[in-house]
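This is input_27.cif (mmCIF, C-alpha atoms).
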data_work
#
loop_
_atom_site.group_PDB
_atom_site.id
_atom_site.type_symbol
_atom_site.label_atom_id
_atom_site.label_comp_id
_atom_site.auth_asym_id
_atom_site.auth_seq_id
_atom_site.Cartn_x
_atom_site.Cartn_y
_atom_site.Cartn_z
ATOM 1 C CA MET O 1 -11.366 -2.056 5.146
ATOM 2 C CA ILE O 2 -12.833 -2.882 8.550
ATOM 3 C CA ARG O 3 -16.601 -3.238 8.237
ATOM 4 C CA VAL O 4 -18.553 -2.012 11.285
ATOM 5 C CA VAL O 5 -22.163 -2.070 12.443
ATOM 6 C CA VAL O 6 -23.255 0.283 15.251
ATOM 7 C CA ALA O 7 -26.164 -0.812 17.464
ATOM 8 C CA ASP O 8 -27.586 1.602 20.038
ATOM 9 C CA ASP O 9 -31.161 2.563 20.843
ATOM 10 C CA HIS O 10 -30.271 6.252 21.180
ATOM 11 C CA GLU O 11 -30.178 7.870 17.749
ATOM 12 C CA VAL O 12 -27.694 10.581 18.751
ATOM 13 C CA VAL O 13 -25.256 8.067 20.221
ATOM 14 C CA ARG O 14 -25.666 5.731 17.262
ATOM 15 C CA GLY O 15 -25.128 8.514 14.767
ATOM 16 C CA GLY O 16 -22.216 9.937 16.717
ATOM 17 C CA PHE O 17 -20.253 6.686 16.729
ATOM 18 C CA ALA O 18 -21.063 6.016 13.090
ATOM 19 C CA GLY O 19 -19.967 9.520 12.112
ATOM 20 C CA LEU O 20 -16.672 9.256 13.983
ATOM 21 C CA LEU O 21 -15.839 5.859 12.497
ATOM 22 C CA ALA O 22 -16.638 7.101 9.003
ATOM 23 C CA THR O 23 -13.769 9.597 9.243
ATOM 24 C CA GLN O 24 -11.196 6.799 9.208
ATOM 25 C CA PRO O 25 -9.781 5.649 5.856
ATOM 26 C CA ASP O 26 -9.594 2.000 6.933
ATOM 27 C CA ILE O 27 -13.045 1.776 8.567
ATOM 28 C CA THR O 28 -16.457 1.757 6.902
ATOM 29 C CA VAL O 29 -19.834 1.721 8.659
ATOM 30 C CA VAL O 30 -21.988 -0.759 6.769
ATOM 31 C CA GLY O 31 -25.104 -0.444 8.914
ATOM 32 C CA THR O 32 -26.740 0.750 12.124
ATOM 33 C CA ALA O 33 -29.418 -0.717 14.388
ATOM 34 C CA ALA O 34 -31.712 0.582 17.121
ATOM 35 C CA ASP O 35 -32.052 -2.713 19.025
ATOM 36 C CA GLY O 36 -30.584 -6.182 19.277
ATOM 37 C CA ALA O 37 -32.989 -7.859 16.898
ATOM 38 C CA GLU O 38 -32.302 -5.272 14.215
ATOM 39 C CA ALA O 39 -28.562 -5.641 14.838
ATOM 40 C CA VAL O 40 -28.764 -9.364 14.091
ATOM 41 C CA ARG O 41 -30.737 -8.698 10.890
ATOM 42 C CA VAL O 42 -28.359 -5.955 9.735
ATOM 43 C CA CYS O 43 -25.312 -8.139 10.386
ATOM 44 C CA ALA O 44 -26.848 -10.981 8.389
ATOM 45 C CA GLY O 45 -27.078 -8.696 5.389
ATOM 46 C CA THR O 46 -23.809 -6.785 5.711
ATOM 47 C CA ALA O 47 -21.284 -9.286 7.181
ATOM 48 C CA PRO O 48 -19.399 -6.783 9.377
ATOM 49 C CA ASP O 49 -16.057 -7.476 11.019
ATOM 50 C CA VAL O 50 -16.955 -5.627 14.213
ATOM 51 C CA VAL O 51 -20.212 -4.675 15.930
ATOM 52 C CA LEU O 52 -20.408 -1.846 18.462
ATOM 53 C CA MET O 53 -23.223 -3.164 20.655
ATOM 54 C CA ASP O 54 -25.052 -1.198 23.333
ATOM 55 C CA VAL O 55 -25.606 -3.518 26.293
ATOM 56 C CA ARG O 56 -29.012 -2.102 27.235
ATOM 57 C CA MET O 57 -31.604 -1.950 24.457
ATOM 58 C CA PRO O 58 -35.347 -2.607 24.347
ATOM 59 C CA GLY O 59 -36.585 -6.020 23.252
ATOM 60 C CA VAL O 60 -33.526 -8.074 22.382
ATOM 61 C CA ASP O 61 -30.731 -6.537 24.449
ATOM 62 C CA GLY O 62 -27.040 -6.396 23.625
ATOM 63 C CA ILE O 63 -26.194 -9.584 25.518
ATOM 64 C CA GLU O 64 -28.752 -11.732 23.726
ATOM 65 C CA ALA O 65 -27.852 -10.162 20.379
ATOM 66 C CA THR O 66 -24.184 -10.934 21.053
ATOM 67 C CA ARG O 67 -25.074 -14.528 21.901
ATOM 68 C CA LEU O 68 -27.036 -14.869 18.658
ATOM 69 C CA LEU O 69 -24.274 -13.325 16.542
ATOM 70 C CA THR O 70 -21.410 -15.334 18.021
ATOM 71 C CA ALA O 71 -23.282 -18.632 17.668
ATOM 72 C CA SER O 72 -22.338 -18.865 13.987
ATOM 73 C CA PRO O 73 -18.828 -19.905 12.851
ATOM 74 C CA ALA O 74 -18.201 -16.820 10.698
ATOM 75 C CA HIS O 75 -19.363 -14.196 13.135
ATOM 76 C CA PRO O 76 -18.360 -10.583 13.741
ATOM 77 C CA ARG O 77 -16.461 -9.579 16.845
ATOM 78 C CA VAL O 78 -18.536 -7.645 19.332
ATOM 79 C CA LEU O 79 -17.465 -4.591 21.304
ATOM 80 C CA ILE O 80 -19.960 -3.857 24.074
ATOM 81 C CA LEU O 81 -20.853 -0.208 24.646
ATOM 82 C CA THR O 82 -21.563 0.603 28.265
ATOM 83 C CA THR O 83 -21.920 3.668 30.462
ATOM 84 C CA PHE O 84 -19.835 2.306 33.348
ATOM 85 C CA ASP O 85 -16.833 -0.014 33.304
ATOM 86 C CA LEU O 86 -18.361 -1.811 36.286
ATOM 87 C CA ASP O 87 -21.577 -2.490 34.439
ATOM 88 C CA GLU O 88 -23.579 -5.289 36.065
ATOM 89 C CA TYR O 89 -23.799 -7.094 32.714
ATOM 90 C CA VAL O 90 -20.045 -7.367 32.095
ATOM 91 C CA TYR O 91 -19.813 -11.027 33.054
ATOM 92 C CA ASP O 92 -22.882 -12.061 31.055
ATOM 93 C CA ALA O 93 -21.604 -10.202 27.995
ATOM 94 C CA ILE O 94 -18.263 -11.986 28.120
ATOM 95 C CA ARG O 95 -20.001 -15.328 28.519
ATOM 96 C CA ALA O 96 -22.142 -14.430 25.505
ATOM 97 C CA GLY O 97 -19.010 -13.978 23.386
ATOM 98 C CA ALA O 98 -18.107 -10.288 23.533
ATOM 99 C CA SER O 99 -14.491 -9.512 22.691
ATOM 100 C CA GLY O 100 -14.281 -6.339 24.720
ATOM 101 C CA PHE O 101 -15.878 -3.251 26.197
ATOM 102 C CA LEU O 102 -15.919 0.457 25.474
ATOM 103 C CA LEU O 103 -17.235 3.242 27.648
ATOM 104 C CA LYS O 104 -19.644 5.504 25.779
ATOM 105 C CA ASP O 105 -17.536 8.542 26.635
ATOM 106 C CA VAL O 106 -14.505 6.985 24.926
ATOM 107 C CA ARG O 107 -12.211 9.389 23.084
ATOM 108 C CA ALA O 108 -12.224 9.208 19.305
ATOM 109 C CA GLU O 109 -8.676 7.853 18.969
ATOM 110 C CA SER O 110 -9.349 5.174 21.580
ATOM 111 C CA LEU O 111 -12.510 4.192 19.689
ATOM 112 C CA PHE O 112 -10.595 3.795 16.442
ATOM 113 C CA ASP O 113 -7.833 1.805 18.142
ATOM 114 C CA ALA O 114 -10.361 -0.462 19.849
ATOM 115 C CA VAL O 115 -12.103 -1.313 16.586
ATOM 116 C CA ARG O 116 -8.772 -2.087 14.929
ATOM 117 C CA VAL O 117 -7.579 -4.223 17.844
ATOM 118 C CA VAL O 118 -10.741 -6.308 17.932
ATOM 119 C CA ALA O 119 -10.913 -6.612 14.141
ATOM 120 C CA ALA O 120 -7.363 -8.014 14.232
ATOM 121 C CA GLY O 121 -8.536 -10.815 16.495
ATOM 122 C CA GLU O 122 -7.388 -9.443 19.836
ATOM 123 C CA ALA O 123 -9.481 -8.901 22.937
ATOM 124 C CA LEU O 124 -10.077 -5.546 24.575
ATOM 125 C CA LEU O 125 -10.332 -6.183 28.296
ATOM 126 C CA ALA O 126 -9.263 -3.352 30.573
ATOM 127 C CA PRO O 127 -7.850 -4.186 34.022
ATOM 128 C CA THR O 128 -10.942 -2.738 35.712
ATOM 129 C CA VAL O 129 -13.143 -5.043 33.637
ATOM 130 C CA THR O 130 -10.905 -8.008 34.440
ATOM 131 C CA ARG O 131 -11.257 -7.297 38.142
ATOM 132 C CA ARG O 132 -15.018 -7.044 37.721
ATOM 133 C CA LEU O 133 -15.058 -10.364 35.904
ATOM 134 C CA ILE O 134 -13.043 -12.041 38.661
ATOM 135 C CA SER O 135 -15.225 -10.557 41.368
ATOM 136 C CA GLU O 136 -18.405 -11.664 39.626
ATOM 137 C CA PHE O 137 -17.069 -15.147 39.085
ATOM 138 C CA ALA O 138 -16.077 -15.365 42.753
ATOM 139 C CA ARG O 139 -19.657 -14.504 43.661
ATOM 140 C CA GLN O 140 -21.248 -17.067 41.337
ATOM 141 C CA HIS O 141 -18.797 -19.962 41.269
ATOM 142 C CA ARG O 142 -16.201 -21.417 43.592
ATOM 143 C CA PRO O 143 -14.414 -24.311 41.820
ATOM 144 C CA SER O 144 -12.244 -26.200 44.301
ATOM 145 C CA ALA O 145 -9.591 -27.650 42.008
ATOM 146 C CA PRO O 146 -8.349 -27.382 38.425
ATOM 147 C CA ASP O 147 -10.025 -29.556 35.810
ATOM 148 C CA PRO O 148 -7.174 -31.762 34.510
ATOM 149 C CA VAL O 149 -9.152 -32.908 31.481
ATOM 150 C CA ALA O 150 -9.880 -29.403 30.203
ATOM 151 C CA LEU O 151 -6.274 -28.293 30.715
ATOM 152 C CA SER O 152 -4.489 -31.485 29.649
ATOM 153 C CA ALA O 153 -3.752 -30.209 26.130
ATOM 154 C CA LEU O 154 -1.604 -27.364 27.459
ATOM 155 C CA THR O 155 2.097 -27.508 28.176
ATOM 156 C CA PRO O 156 3.236 -26.351 31.649
ATOM 157 C CA ARG O 157 4.370 -23.037 30.138
ATOM 158 C CA GLU O 158 1.075 -22.509 28.302
ATOM 159 C CA THR O 159 -0.786 -23.233 31.535
ATOM 160 C CA GLN O 160 1.366 -20.663 33.301
ATOM 161 C CA VAL O 161 0.648 -18.110 30.592
ATOM 162 C CA LEU O 162 -3.093 -18.792 30.832
ATOM 163 C CA ARG O 163 -2.946 -18.187 34.574
ATOM 164 C CA LEU O 164 -1.190 -14.846 34.061
ATOM 165 C CA VAL O 165 -3.639 -13.810 31.335
ATOM 166 C CA ALA O 166 -6.461 -14.552 33.763
ATOM 167 C CA GLU O 167 -4.813 -12.315 36.331
ATOM 168 C CA GLY O 168 -5.100 -9.442 33.853
ATOM 169 C CA LEU O 169 -1.460 -9.155 32.801
ATOM 170 C CA SER O 170 -0.616 -7.807 29.348
ATOM 171 C CA ASN O 171 1.865 -9.519 27.007
ATOM 172 C CA PRO O 172 4.736 -7.198 28.025
ATOM 173 C CA GLU O 173 3.966 -7.807 31.703
ATOM 174 C CA ILE O 174 3.887 -11.578 31.172
ATOM 175 C CA ALA O 175 7.165 -11.390 29.261
ATOM 176 C CA ALA O 176 8.784 -9.516 32.168
ATOM 177 C CA ARG O 177 7.387 -11.972 34.710
ATOM 178 C CA LEU O 178 8.637 -15.020 32.810
ATOM 179 C CA VAL O 179 11.843 -13.367 31.552
ATOM 180 C CA VAL O 180 11.114 -14.134 27.904
ATOM 181 C CA THR O 181 10.476 -11.998 24.826
ATOM 182 C CA GLU O 182 7.067 -10.536 24.068
ATOM 183 C CA GLU O 183 7.050 -12.486 20.801
ATOM 184 C CA THR O 184 7.468 -15.714 22.772
ATOM 185 C CA VAL O 185 4.496 -14.779 24.944
ATOM 186 C CA LYS O 186 2.386 -14.097 21.855
ATOM 187 C CA THR O 187 3.267 -17.556 20.552
ATOM 188 C CA HIS O 188 2.290 -19.201 23.843
ATOM 189 C CA VAL O 189 -0.987 -17.263 23.956
ATOM 190 C CA SER O 190 -1.834 -18.198 20.362
ATOM 191 C CA ARG O 191 -1.137 -21.888 20.945
ATOM 192 C CA MET O 192 -3.068 -21.868 24.215
ATOM 193 C CA LEU O 193 -6.125 -20.313 22.560
ATOM 194 C CA THR O 194 -5.970 -22.791 19.676
ATOM 195 C CA LYS O 195 -5.678 -25.842 21.936
ATOM 196 C CA LEU O 196 -8.596 -24.752 24.113
ATOM 197 C CA GLY O 197 -10.735 -23.683 21.151
ATOM 198 C CA LEU O 198 -11.002 -20.094 22.379
ATOM 199 C CA ARG O 199 -11.393 -16.943 20.289
ATOM 200 C CA ASP O 200 -9.395 -14.493 22.350
ATOM 201 C CA ARG O 201 -7.986 -13.486 25.722
ATOM 202 C CA THR O 202 -11.422 -12.559 27.006
ATOM 203 C CA GLN O 203 -12.593 -16.142 26.653
ATOM 204 C CA ALA O 204 -9.289 -17.312 28.137
ATOM 205 C CA VAL O 205 -10.013 -15.393 31.341
ATOM 206 C CA VAL O 206 -13.409 -17.060 31.620
ATOM 207 C CA ALA O 207 -11.917 -20.500 30.897
ATOM 208 C CA ALA O 208 -9.232 -20.081 33.560
ATOM 209 C CA TYR O 209 -11.834 -19.477 36.241
ATOM 210 C CA GLU O 210 -14.368 -22.002 35.001
ATOM 211 C CA THR O 211 -11.787 -24.801 34.967
ATOM 212 C CA GLY O 212 -10.544 -23.824 38.413
ATOM 213 C CA LEU O 213 -7.028 -23.020 37.193
ATOM 214 C CA VAL O 214 -7.361 -19.719 39.010
ATOM 215 C CA VAL O 215 -9.604 -19.570 42.057
ATOM 216 C CA PRO O 216 -10.631 -16.041 43.034
ATOM 217 C CA ARG O 217 -10.590 -15.130 46.696
ATOM 218 C CA ALA O 218 -13.875 -13.793 47.997
ATOM 219 C CA ARG O 219 -13.920 -10.272 49.316
ATOM 220 C CA GLY O 220 -13.647 -9.890 53.035
ATOM 221 C CA ASP O 221 -10.620 -12.152 53.503
ATOM 222 C CA GLY O 222 -8.186 -9.267 53.483
ATOM 223 C CA THR O 223 -7.093 -9.755 49.880
ATOM 224 C CA ARG O 224 -8.088 -8.338 46.550
ATOM 225 C CA PRO O 225 -10.190 -10.540 44.218
#
Write the structure described by the file as structure tokens, please.
Amino acid sequence: MIRVVVADDHEVVRGGFAGLLATQPDITVVGTAADGAEAVRVCAGTAPDVVLMDVRMPGVDGIEATRLLTASPAHPRVLILTTFDLDEYVYDAIRAGASGFLLKDVRAESLFDAVRVVAAGEALLAPTVTRRLISEFARQHRPSAPDPVALSALTPRETQVLRLVAEGLSNPEIAARLVVTEETVKTHVSRMLTKLGLRDRTQAVVAAYETGLVVPRARGDGTRP
């Protein structure tokens, strides 16, 4: 069973997500919370696998709550709930340790799939969110060259895979680009994450830009970020 906590300051939204998740035979809602502080307390007592976390809540918001939850070794994976996929807090949430994002108007089947994907250890990062992440990083940071120390543990192929992950490509797309099997790509991704001490692809995207492996082009130069 996948254990889930739902955190949202709107009772109707909170109850709606909890009710939908409760219809699934492999998912159980072990608690709900109306703000970030309560979410941290509930998670401490219920040990969920996944937390659906509203990004905007009074007091301790979803970003700070995510940071607090992911600071411990045995932490739940966090799916951020947001109204818009271009939410201004996307970058901060990823830096805080979120494994993915869901729009609040998500369809039921997509909600169930998202919880299962994240519970299995994968990241849920839509292309639009990846582009937002790149754009935000371009605005805040402009590393001039790759950090050889941070990337020295990777093989040339793993470095190439990291670069493609950071560009927002899926495993099948990477496999087609490199002319290898999807299983081979999964192996490269797994080894790359392990060597860099990263949880998932979401963190890999951040790492690629922070180390300068991929340098985003600022808007206005005639190219897409």
Pick out the residues sitting within 9 Å of O:Pro58, and hand them over as number ranges by chain; count only C-alpha atoms, and ignore anything fewer than 2 positions along from it in its own chain. O: 9, 34-36, 56, 60-61
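Residue nearest O:Thr159, chosen from O:Gly212, O:Pro172, O:Pro25, O:Pro48 and counting all atoms listed in the file: O:Gly212.
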Spatial neighbours of O:Ser72, max dist 12 Å, only C-alpha atoms, sep filter under 3 positions, as a list of chain:residue names: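 Listing them by chain and then by number gives O:Val40, O:Cys43, O:Ala44, O:Ala47, O:Thr66, O:Arg67, O:Leu68, O:Leu69, O:His75, O:Pro76, O:Arg77, O:Gly97.
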From the options O:Ala33, O:Val161, O:Leu21, O:Ala39, which residue's atoms come nearest to O:Val214, counting only C-alpha atoms? O:Val161
Could you tell me which residues the PyMOL selection byres ((chain O and resi 166) around 10) returns for this structure, as a PyMOL selection string? chain O and resi 130-131+133-134+160-165+167-170+201-209+213-214
Using all atoms listed in the file, which of O:Ala37, O:Leu81, O:Val115, O:Ala71 sits nearest O:Val4?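 Nearest to O:Val4: O:Val115.
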Could you tell me how far atom CA of O:Tyr91 sits from atom CA of O:Thr194, in Å to one decimal place?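 Between atom CA of O:Thr194 and atom CA of O:Tyr91 the gap is 22.6 Å.
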State, in Å with one decimal place, the distance from atom CA of O:Gly100 to atom CA of O:Ala120.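 Computed distance, atom CA of O:Gly100 to atom CA of O:Ala120, equals 12.7 Å.
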For a cutoff of 12 Å around the file-coordinate point (-10.5, -4.7, 15.9), which residues qualify once you count all atoms listed in the file? I'd like the result as a PyMOL selection string. chain O and resi 1-4+26-27+48-52+76-79+99-101+110-124+200
Now that the selection is made, can you save its residues with C-alpha atoms as a PDB file, in the coordinates of the input?
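Output contents, as saved in again-v1.pdb:
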ATOM      1  CA  MET O   1     -11.366  -2.056   5.146  1.00  0.00           C
ATOM      2  CA  ILE O   2     -12.833  -2.882   8.550  1.00  0.00           C
ATOM      3  CA  ARG O   3     -16.601  -3.238   8.237  1.00  0.00           C
ATOM      4  CA  VAL O   4     -18.553  -2.012  11.285  1.00  0.00           C
ATOM      5  CA  ASP O  26      -9.594   2.000   6.933  1.00  0.00           C
ATOM      6  CA  ILE O  27     -13.045   1.776   8.567  1.00  0.00           C
ATOM      7  CA  PRO O  48     -19.399  -6.783   9.377  1.00  0.00           C
ATOM      8  CA  ASP O  49     -16.057  -7.476  11.019  1.00  0.00           C
ATOM      9  CA  VAL O  50     -16.955  -5.627  14.213  1.00  0.00           C
ATOM     10  CA  VAL O  51     -20.212  -4.675  15.930  1.00  0.00           C
ATOM     11  CA  LEU O  52     -20.408  -1.846  18.462  1.00  0.00           C
ATOM     12  CA  PRO O  76     -18.360 -10.583  13.741  1.00  0.00           C
ATOM     13  CA  ARG O  77     -16.461  -9.579  16.845  1.00  0.00           C
ATOM     14  CA  VAL O  78     -18.536  -7.645  19.332  1.00  0.00           C
ATOM     15  CA  LEU O  79     -17.465  -4.591  21.304  1.00  0.00           C
ATOM     16  CA  SER O  99     -14.491  -9.512  22.691  1.00  0.00           C
ATOM     17  CA  GLY O 100     -14.281  -6.339  24.720  1.00  0.00           C
ATOM     18  CA  PHE O 101     -15.878  -3.251  26.197  1.00  0.00           C
ATOM     19  CA  SER O 110      -9.349   5.174  21.580  1.00  0.00           C
ATOM     20  CA  LEU O 111     -12.510   4.192  19.689  1.00  0.00           C
ATOM     21  CA  PHE O 112     -10.595   3.795  16.442  1.00  0.00           C
ATOM     22  CA  ASP O 113      -7.833   1.805  18.142  1.00  0.00           C
ATOM     23  CA  ALA O 114     -10.361  -0.462  19.849  1.00  0.00           C
ATOM     24  CA  VAL O 115     -12.103  -1.313  16.586  1.00  0.00           C
ATOM     25  CA  ARG O 116      -8.772  -2.087  14.929  1.00  0.00           C
ATOM     26  CA  VAL O 117      -7.579  -4.223  17.844  1.00  0.00           C
ATOM     27  CA  VAL O 118     -10.741  -6.308  17.932  1.00  0.00           C
ATOM     28  CA  ALA O 119     -10.913  -6.612  14.141  1.00  0.00           C
ATOM     29  CA  ALA O 120      -7.363  -8.014  14.232  1.00  0.00           C
ATOM     30  CA  GLY O 121      -8.536 -10.815  16.495  1.00  0.00           C
ATOM     31  CA  GLU O 122      -7.388  -9.443  19.836  1.00  0.00           C
ATOM     32  CA  ALA O 123      -9.481  -8.901  22.937  1.00  0.00           C
ATOM     33  CA  LEU O 124     -10.077  -5.546  24.575  1.00  0.00           C
ATOM     34  CA  ASP O 200      -9.395 -14.493  22.350  1.00  0.00           C
TER      35      ASP O 200
END
Any chance you could work out the residue set of the PyMOL selection byres ((chain O and resi 10) around 10) here, as a list in words?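 Going through the file, the PyMOL selection byres ((chain O and resi 10) around 10) ends up selecting Ala7, Asp8, Asp9, Glu11, Val12, Val13, Arg14, Gly15, Gly16, Ala33, Ala34, Asp35, Asp54 and Met57 of chain O.
We find atom CA of O:His188 and atom CA of O:Glu173 to be spaced 13.9 Å apart.
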